[in-house]
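First up is the structure itself, then whatever we jot down about it.
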Amino acid sequence: MIHADDINRPEVLAEVGAAFARYEKALAANDVAVLDELFWDSPFTLRYGTGENLYGIDAIRAFRQARNPAGLERTLQHTMITSFGPDFATANTEFQRAGQPAGRQSQTWVRMAQGWRVVAAHVSFAR
C-alpha cells in the first residue's frame, strides 16, 4: 500500500525526471540504442502510437529502426511526473512538432535492476 508520504518523493522524482529527459534527448536525435535501453526488454512491454499498436520490445525496436528520423524534434509542455513509492512512476506530457497537430504522451516507468525503464507508453494526437 502506498502512503501519502511515498508519493512524489524528491529523490525519486529527480531520478525519473533525469530518465525522462534522457529519453527526450534520444528521441529528438533518433538515438535508437538509448531508446531501446530505456524501454523494458520484455515481451510484456507495449507502446500504443499514433498509428500503430506495438506489443513486446521486438515490435517496438522494429518500429524505431524503420522510422524516418526526420522531424522528431518537439516542444514539450505541461509535463507531469508522479512517483508512487521508490520504484514506480508515470510521466505525461503534451508535445508539438512542426507541421503536425499537437500530441500527448503517457509513459509508465518502473525501476528495474538495470535502472528506470518504460514498461508502457501511449502517444496520440490531441483533438
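Residues in the C-alpha cells are numbered from 1 in each chain, the chains being A, B, ... in the order shown, and ligands are numbered from 1 in the order shown.
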Original post:
Residues at most 9 Å from A:Glu11, counting only C-alpha atoms, excluding those fewer than 4 positions away in the same chain, as a PyMOL selection string?
Top reply: chain A and resi 15-16+86
The selected residues should be written to file as a CSV table (one decimal), in the first residue's frame (atoms: C-alpha atoms).
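Final output, selection-v2.csv:
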```csv
chain,number,residue,atom,x,y,z
A,15,GLU,CA,15.7,10.1,-11.0
A,16,VAL,CA,12.6,9.7,-13.2
A,86,PRO,CA,10.6,4.2,-4.8
```
Original post:
Hey, what does DSSP flag as alpha helix (DSSP H) within stretch 13-110 of chain A? Can you give it to me as a ChimeraX atom specification?
Top reply: /A:13-29,32-38,57-66
Deliver the residues from the most recent selection as a file, using C-alpha atoms, as a compact mmCIF listing (two decimals), in the first residue's frame.
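As written to disk, part-v6.txt reads:
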```txt
# COMPACT_ATOMS: atom_id res chain seq x y z
CA LEU A 13 11.18 12.49 -8.99
CA ALA A 14 14.74 13.58 -9.73
CA GLU A 15 15.71 10.11 -10.96
CA VAL A 16 12.64 9.69 -13.16
CA GLY A 17 12.95 13.25 -14.40
CA ALA A 18 16.53 12.53 -15.50
CA ALA A 19 15.47 9.31 -17.25
CA PHE A 20 12.61 11.16 -18.96
CA ALA A 21 14.98 13.93 -20.12
CA ARG A 22 17.39 11.31 -21.43
CA TYR A 23 14.53 9.70 -23.36
CA GLU A 24 13.50 13.04 -24.89
CA LYS A 25 17.08 13.81 -25.96
CA ALA A 26 17.42 10.34 -27.54
CA LEU A 27 14.05 10.70 -29.27
CA ALA A 28 14.96 14.03 -30.89
CA ALA A 29 18.32 12.60 -32.02
CA VAL A 32 17.73 4.09 -31.17
CA ALA A 33 20.25 2.44 -28.82
CA VAL A 34 19.29 4.71 -25.91
CA LEU A 35 15.58 4.48 -26.73
CA ASP A 36 15.85 0.68 -26.69
CA GLU A 37 17.78 0.78 -23.43
CA LEU A 38 15.11 2.89 -21.75
CA ILE A 57 10.12 -5.00 -27.18
CA ASP A 58 10.86 -6.67 -30.52
CA ALA A 59 7.96 -4.85 -32.20
CA ILE A 60 8.97 -1.57 -30.56
CA ARG A 61 12.57 -1.99 -31.73
CA ALA A 62 11.49 -2.83 -35.29
CA PHE A 63 9.29 0.28 -35.37
CA ARG A 64 12.12 2.53 -34.16
CA GLN A 65 14.60 1.09 -36.65
CA ALA A 66 12.21 1.57 -39.58
```
Subject >> For stretch 2-8 of chain A: contacts at 8 Å, only C-alpha atoms, fewer than 4 positions along chain excluded, given as a count of residues only >> reply: 7
As a JSON list (two decimals) with C-alpha atoms, in the first residue's frame, please: every residue in chain A that a backbone DSSP assignment puts in strand (DSSP E).
```json
[["chain", "number", "residue", "atom", "x", "y", "z"],
["A", 46, "LEU", "CA", 3.77, -2.14, -25.02],
["A", 47, "ARG", "CA", 3.62, 1.10, -26.95],
["A", 48, "TYR", "CA", 0.45, 2.47, -28.48],
["A", 53, "ASN", "CA", -0.01, -0.78, -31.62],
["A", 54, "LEU", "CA", 3.27, -2.41, -30.63],
["A", 55, "TYR", "CA", 3.30, -5.43, -28.33],
["A", 75, "THR", "CA", 8.47, 21.12, -27.83],
["A", 76, "LEU", "CA", 7.00, 19.85, -24.56],
["A", 77, "GLN", "CA", 4.51, 21.50, -22.25],
["A", 78, "HIS", "CA", 2.51, 20.54, -19.19],
["A", 79, "THR", "CA", 4.88, 17.68, -18.34],
["A", 80, "MET", "CA", 3.82, 15.95, -15.14],
["A", 81, "ILE", "CA", 5.83, 13.21, -13.46],
["A", 82, "THR", "CA", 4.28, 11.47, -10.46],
["A", 83, "SER", "CA", 6.04, 8.81, -8.42],
["A", 88, "PHE", "CA", 7.02, 3.25, -9.88],
["A", 89, "ALA", "CA", 6.18, 6.47, -11.72],
["A", 90, "THR", "CA", 4.15, 7.95, -14.54],
["A", 91, "ALA", "CA", 5.22, 10.68, -16.94],
["A", 92, "ASN", "CA", 2.70, 12.59, -19.03],
["A", 93, "THR", "CA", 3.32, 15.45, -21.40],
["A", 94, "GLU", "CA", 1.88, 17.39, -24.29],
["A", 95, "PHE", "CA", 4.08, 17.97, -27.33],
["A", 96, "GLN", "CA", 4.19, 19.92, -30.56],
["A", 103, "GLY", "CA", 0.09, 15.46, -29.28],
["A", 104, "ARG", "CA", 0.25, 13.86, -25.88],
["A", 105, "GLN", "CA", 2.33, 11.09, -24.43],
["A", 106, "SER", "CA", 1.97, 8.88, -21.36],
["A", 107, "GLN", "CA", 4.69, 6.62, -20.02],
["A", 108, "THR", "CA", 4.73, 4.18, -17.13],
["A", 109, "TRP", "CA", 8.20, 3.87, -15.60],
["A", 110, "VAL", "CA", 9.39, 1.10, -13.26],
["A", 111, "ARG", "CA", 12.75, 0.82, -11.54],
["A", 112, "MET", "CA", 14.30, -2.45, -12.71],
["A", 115, "GLY", "CA", 17.53, 1.26, -13.81],
["A", 116, "TRP", "CA", 14.34, 3.10, -14.75],
["A", 117, "ARG", "CA", 12.53, 1.59, -17.74],
["A", 118, "VAL", "CA", 9.35, 2.40, -19.65],
["A", 119, "VAL", "CA", 7.01, -0.58, -19.40],
["A", 120, "ALA", "CA", 4.08, 1.01, -21.24],
["A", 121, "ALA", "CA", 3.68, 4.08, -23.43],
["A", 122, "HIS", "CA", 0.87, 5.78, -25.31],
["A", 123, "VAL", "CA", 1.25, 8.53, -27.91],
["A", 124, "SER", "CA", -1.75, 10.22, -29.52],
["A", 125, "PHE", "CA", -2.77, 13.43, -31.21]]
```
Subject >> Selected residue, from A:Phe44, A:Asp87, A:Thr50, A:Asn68, that lies nearest to A:Ala102 when counting only C-alpha atoms >> reply: A:Thr50
